[in-house]
Amino acid sequence: MKDLDSNNTLETKDEIESIEIDLLLDGIYRRYGYDFRSYASASIRRRIWKFAEQEGLATISAVQEAVLHQSNMMDKFVLSLTVNVTTMFRDPAFFLALRNSVVPILKTYPMIRIWDAGCATGEEAYSMAIVLKEEGIYDRCRIYATDMNEDVLRKAKTGIFPLSHMKEFTDNYIQSGGKTSFSDYYTAKYDYAIINQELRQNIIFAQHNLVTDKSFNEFNLVLIRNVLIYFNEELRAKVLDLLHDSMASFGILALGKRESLKFSKLESFYEELDSAMKLYKRCA
Amino acid sequence: MSYKLIIVGCSLGGLSATKTLLAGISDDCTVPIVLIQHREQKAEVSMDNVLTNMMQRYTKRRIEEAEDKTPLNMNRIYLAPADYHVLIEHDCIALSADEPVTYARPSIDVAFDSAARTYGSGVICIVLTGASRDGAEGAASVESRGGLVVIQDPATAEKDTLPKCAVAATVKARVMNLEEIGPFISNIVREGGANRASRATG
């Protein structure tokens, strides 16, 4: 916590900070339309300070000045507030469950629509494409991978990842029940690896903001892993409603490892397909 | 003072210290307890339940591994899940998958600091054995916001780095033997409740 008047007590400083955060998020909403006002307060506070430190700004008021007056600062700010660093096949056990419990259900459909909400740089979407390919249903699938941030989507679309990540991706792939060799799915060039075109062809990367946009299709499988944790309870409930509106009958919802439908009004509309892996199936 | 939350930090290998602590907390101390223990980064999923079940044997309170937005209930113990930060919000636990802080996720500093900011002087923070300094800064945050910090005597801790750093980072923290901590905080909580009751009636 930094401030300009060292006479302020800590209680006052905390109060000033909380006012500054409210003003900042309000200002951003009015100026740019991005709505972070209902994000979980403790984690957004940490992210705002991280951004301030990176940019050498001493107070949250200084962050406000910077992002309101300079749209390139706003771009950076959105990135630092929303991007979640992830890997391919994060939580290998989840992808194993996807293969064993979800794929058999998907196989019964002639056309399969999948929504990967909050896809960031695309690791999860490409991981899913690999599983679907190995299970022989990728040609029938359309993966809609969405994020609110256009910069990360541009990156995701390229399918290019640092070669140095391939070791971790490969280990995860093996643990997730991968059937061949992970290196079959990319071509290495200099320090980069590019995901094969055939895996990219059925993925549609598109901008969608869970907070401000509406449902845009009906899906047989919706993945939203470790995204709702950044929202407060009210917004979480609202986004869950949006996902429910986007779910086909018997559609499957995949949450993060430590998220659940418990304490949500959707609980009664879903049954647990795999409770440990947080896979739910719509039953009403 | 009436306490709202007891939050405990220790590193990998703090299991036996945690067991001793829990066994020493009396049944009438019903304040929710949150345990932040460093875990193996790539622990198997099934390990989660192993730890919960193992600890359950040492306390009558129900132990559960926290999920996102788990409400903080009286008489419960919440264990930080592997690979997430724990943030204390009003009446619930929120998780975050942000990068590790001081190489740790869960980070004890992050959890202590968020508890201090949410509950201020309503926090009792307990620092046990630990092999890194993660937790010391958080303990200082709890203290500076009026909460009570209790530190396991570094001389008796399995790993003394964390307790030593926490002693150095705080001013008024109580330092005591592990066995004494449970009874001590039970008393403090009881007195707090009694004071509150007498204020209400008087």
# chains A, B, ... in the order shown; residues from 1 in each chain; ligands from 1
call {"tool": "closest_atom_pairs", "arguments": {"of": "chain B", "to": "chain A", "cutoff": "10 Å", "atoms": "only C-alpha atoms", "output": "JSON lines"}}
result
{"residue": "B:Lys42", "atom": "CA", "partner": "A:Asp91", "partner_atom": "CA", "distance": 9.1}
{"residue": "B:Glu44", "atom": "CA", "partner": "A:Ala93", "partner_atom": "CA", "distance": 8.8}
{"residue": "B:Val45", "atom": "CA", "partner": "A:Ala93", "partner_atom": "CA", "distance": 7.9}
{"residue": "B:Ser46", "atom": "CA", "partner": "A:Ala276", "partner_atom": "CA", "distance": 9.0}
{"residue": "B:Glu65", "atom": "CA", "partner": "A:Arg258", "partner_atom": "CA", "distance": 8.7}
{"residue": "B:Ala66", "atom": "CA", "partner": "A:Arg258", "partner_atom": "CA", "distance": 7.4}
{"residue": "B:Glu67", "atom": "CA", "partner": "A:Arg258", "partner_atom": "CA", "distance": 4.7}
{"residue": "B:Asp68", "atom": "CA", "partner": "A:Glu259", "partner_atom": "CA", "distance": 5.2}
{"residue": "B:Lys69", "atom": "CA", "partner": "A:Glu233", "partner_atom": "CA", "distance": 7.2}
{"residue": "B:Thr70", "atom": "CA", "partner": "A:Phe263", "partner_atom": "CA", "distance": 8.1}
{"residue": "B:Pro71", "atom": "CA", "partner": "A:Phe263", "partner_atom": "CA", "distance": 8.7}
{"residue": "B:Pro81", "atom": "CA", "partner": "A:Arg258", "partner_atom": "CA", "distance": 7.5}
{"residue": "B:Ala82", "atom": "CA", "partner": "A:Arg258", "partner_atom": "CA", "distance": 9.4}
{"residue": "B:Asp83", "atom": "CA", "partner": "A:Arg258", "partner_atom": "CA", "distance": 9.8}
{"residue": "B:Tyr84", "atom": "CA", "partner": "A:Arg258", "partner_atom": "CA", "distance": 8.5}
{"residue": "B:His85", "atom": "CA", "partner": "A:Ser43", "partner_atom": "CA", "distance": 9.3}
{"residue": "B:Val86", "atom": "CA", "partner": "A:Ser43", "partner_atom": "CA", "distance": 9.6}
{"residue": "B:Leu87", "atom": "CA", "partner": "A:Ala42", "partner_atom": "CA", "distance": 6.5}
{"residue": "B:Ile88", "atom": "CA", "partner": "A:Ala42", "partner_atom": "CA", "distance": 7.6}
{"residue": "B:Glu89", "atom": "CA", "partner": "A:Ala42", "partner_atom": "CA", "distance": 6.9}
{"residue": "B:His90", "atom": "CA", "partner": "A:Ser41", "partner_atom": "CA", "distance": 10.0}
{"residue": "B:Cys92", "atom": "CA", "partner": "A:Glu233", "partner_atom": "CA", "distance": 9.6}
{"residue": "B:Ala94", "atom": "CA", "partner": "A:Ile229", "partner_atom": "CA", "distance": 6.7}
{"residue": "B:Leu95", "atom": "CA", "partner": "A:Ile229", "partner_atom": "CA", "distance": 5.9}
{"residue": "B:Ser96", "atom": "CA", "partner": "A:Ile229", "partner_atom": "CA", "distance": 6.3}
{"residue": "B:Ala97", "atom": "CA", "partner": "A:Asn226", "partner_atom": "CA", "distance": 7.0}
{"residue": "B:Asp98", "atom": "CA", "partner": "A:Asn84", "partner_atom": "CA", "distance": 6.8}
{"residue": "B:Glu99", "atom": "CA", "partner": "A:Val85", "partner_atom": "CA", "distance": 7.6}
{"residue": "B:Val110", "atom": "CA", "partner": "A:Arg46", "partner_atom": "CA", "distance": 9.0}
{"residue": "B:Ala111", "atom": "CA", "partner": "A:Ala42", "partner_atom": "CA", "distance": 9.8}
{"residue": "B:Asp113", "atom": "CA", "partner": "A:Ala42", "partner_atom": "CA", "distance": 9.6}
{"residue": "B:Ser114", "atom": "CA", "partner": "A:Ala42", "partner_atom": "CA", "distance": 6.5}
{"residue": "B:Ala115", "atom": "CA", "partner": "A:Ala42", "partner_atom": "CA", "distance": 9.6}
{"residue": "B:Arg117", "atom": "CA", "partner": "A:Asp14", "partner_atom": "CA", "distance": 7.8}
{"residue": "B:Thr118", "atom": "CA", "partner": "A:Ala42", "partner_atom": "CA", "distance": 8.8}
{"residue": "B:Gly120", "atom": "CA", "partner": "A:Glu11", "partner_atom": "CA", "distance": 9.0}
{"residue": "B:Ser141", "atom": "CA", "partner": "A:Leu10", "partner_atom": "CA", "distance": 9.9}
{"residue": "B:Ser144", "atom": "CA", "partner": "A:Leu10", "partner_atom": "CA", "distance": 7.5}
{"residue": "B:Arg145", "atom": "CA", "partner": "A:Leu10", "partner_atom": "CA", "distance": 7.1}
{"residue": "B:Gly146", "atom": "CA", "partner": "A:Glu11", "partner_atom": "CA", "distance": 9.7}
call {"tool": "select_by_dssp", "arguments": {"residues": "range 20-186 of chain B", "states": "helix (DSSP H, G or I)", "output": "ChimeraX atom specification"}}
result
/B:20-24,45-56,108-122,136-144,154-156,161-169,178-186
call {"tool": "residues_around", "arguments": {"residues": "Arg133 in chain B", "least_positions_apart": "6", "cutoff": "7 Å", "atoms": "only C-alpha atoms", "output": "JSON list (two decimals) with N, CA and C atoms, in the first residue's frame"}}
result
[["chain", "number", "residue", "atom", "x", "y", "z"],
["B", 161, "THR", "N", 12.51, -21.26, 9.72],
["B", 161, "THR", "CA", 12.61, -20.05, 8.88],
["B", 161, "THR", "C", 11.37, -19.17, 8.98],
["B", 162, "LEU", "N", 10.21, -19.75, 8.76],
["B", 162, "LEU", "CA", 8.98, -18.96, 8.79],
["B", 162, "LEU", "C", 8.72, -18.36, 10.17],
["B", 165, "CYS", "N", 11.14, -15.48, 10.74],
["B", 165, "CYS", "CA", 10.82, -14.30, 9.92],
["B", 165, "CYS", "C", 9.57, -13.61, 10.45]]
call {"tool": "residues_around", "arguments": {"residues": "range 51-61 of chain A", "least_positions_apart": "5", "cutoff": "12 Å", "atoms": "only C-alpha atoms", "output": "PyMOL selection string"}}
result
chain A and resi 1-5+13-14+16-25+27+44-46+66-68+73-82
call {"tool": "write_last_selection", "arguments": {"atoms": "C-alpha atoms", "output": "compact mmCIF listing (two decimals), in the first residue's frame"}}
result
# COMPACT_ATOMS: atom_id res chain seq x y z
CA MET A 1 0.00 0.00 0.00
CA LYS A 2 1.53 3.27 -1.07
CA ASP A 3 0.27 6.71 -0.31
CA LEU A 4 1.48 10.25 -0.38
CA ASP A 5 0.58 11.25 3.16
CA LYS A 13 -5.25 4.02 3.73
CA ASP A 14 -7.33 0.88 3.22
CA ILE A 16 -8.82 5.36 0.42
CA GLU A 17 -7.63 2.38 -1.60
CA SER A 18 -11.10 0.92 -1.70
CA ILE A 19 -12.49 4.26 -2.92
CA GLU A 20 -9.75 4.46 -5.56
CA ILE A 21 -10.57 0.96 -6.83
CA ASP A 22 -14.27 1.78 -7.10
CA LEU A 23 -13.53 5.00 -8.97
CA LEU A 24 -11.05 3.28 -11.29
CA LEU A 25 -13.45 0.49 -12.24
CA GLY A 27 -14.22 5.16 -14.84
CA ILE A 44 -8.78 -7.76 -8.57
CA ARG A 45 -7.10 -5.61 -5.93
CA ARG A 46 -3.98 -7.75 -6.20
CA ALA A 66 -3.01 6.53 -17.02
CA VAL A 67 -5.74 4.23 -18.31
CA LEU A 68 -8.33 6.97 -18.84
CA MET A 73 -2.32 1.72 -21.20
CA MET A 74 -5.89 0.50 -21.07
CA ASP A 75 -5.00 -2.38 -23.42
CA LYS A 76 -2.17 -3.38 -21.11
CA PHE A 77 -4.42 -3.02 -18.09
CA VAL A 78 -7.09 -5.31 -19.54
CA LEU A 79 -4.41 -7.88 -20.28
CA SER A 80 -3.01 -7.84 -16.79
CA LEU A 81 -6.48 -8.01 -15.26
CA THR A 82 -7.84 -10.85 -17.32
call {"tool": "residues_around", "arguments": {"residues": "range 132-142 of chain A", "least_positions_apart": "3", "cutoff": "6 Å", "atoms": "only C-alpha atoms", "output": "ChimeraX atom specification"}}
result
/A:111-113,129,202
call {"tool": "write_last_selection", "arguments": {"atoms": "N, CA and C atoms", "output": "PDB file, in the first residue's frame"}}
result
ATOM      1  N   MET A 111     -23.695 -33.689 -34.892  1.00  0.00           N
ATOM      2  CA  MET A 111     -22.913 -32.448 -34.916  1.00  0.00           C
ATOM      3  C   MET A 111     -22.690 -32.033 -33.471  1.00  0.00           C
ATOM      4  N   ILE A 112     -21.475 -31.640 -33.150  1.00  0.00           N
ATOM      5  CA  ILE A 112     -21.156 -31.334 -31.753  1.00  0.00           C
ATOM      6  C   ILE A 112     -20.659 -29.896 -31.641  1.00  0.00           C
ATOM      7  N   ARG A 113     -21.363 -29.126 -30.819  1.00  0.00           N
ATOM      8  CA  ARG A 113     -20.915 -27.738 -30.605  1.00  0.00           C
ATOM      9  C   ARG A 113     -20.331 -27.597 -29.204  1.00  0.00           C
ATOM     10  N   ALA A 129      -9.058 -30.208 -28.891  1.00  0.00           N
ATOM     11  CA  ALA A 129      -9.033 -30.640 -30.288  1.00  0.00           C
ATOM     12  C   ALA A 129      -8.247 -31.940 -30.425  1.00  0.00           C
ATOM     13  N   ASN A 202     -11.224 -26.551 -37.031  1.00  0.00           N
ATOM     14  CA  ASN A 202     -12.583 -26.511 -36.490  1.00  0.00           C
ATOM     15  C   ASN A 202     -12.711 -25.678 -35.217  1.00  0.00           C
TER      16      ASN A 202
END
call {"tool": "residues_around", "arguments": {"residues": "Asp184 in chain A", "least_positions_apart": "2", "cutoff": "12 Å", "atoms": "only C-alpha atoms", "output": "MDAnalysis selection string"}}
result
chainID A and resid 130 134 166 170 173 178:182 186:188 193:199
call {"tool": "residues_around", "arguments": {"residues": "Ser26 in chain B", "least_positions_apart": "4", "cutoff": "9 Å", "atoms": "only C-alpha atoms", "output": "list in words"}}
result
Leu22, Thr30, Gly182, Pro183, Ser186 and Asn187 of chain B
call {"tool": "select_by_dssp", "arguments": {"residues": "range 41-207 of chain A", "states": "strand (DSSP E)", "output": "number ranges by chain"}}
result
A: 112-117, 141-147, 160-162, 186-189, 192-195, 203-207
call {"tool": "closest_residue", "arguments": {"among": "B:Val123, B:Leu128, B:Val101, B:Leu148", "to": "Asn177 in chain B", "atoms": "only C-alpha atoms"}}
result
B:Leu128
call {"tool": "closest_residue", "arguments": {"among": "B:Val50, B:Ile185, B:Asn73, B:Glu179", "to": "Lys19 in chain B", "atoms": "only C-alpha atoms"}}
result
B:Glu179
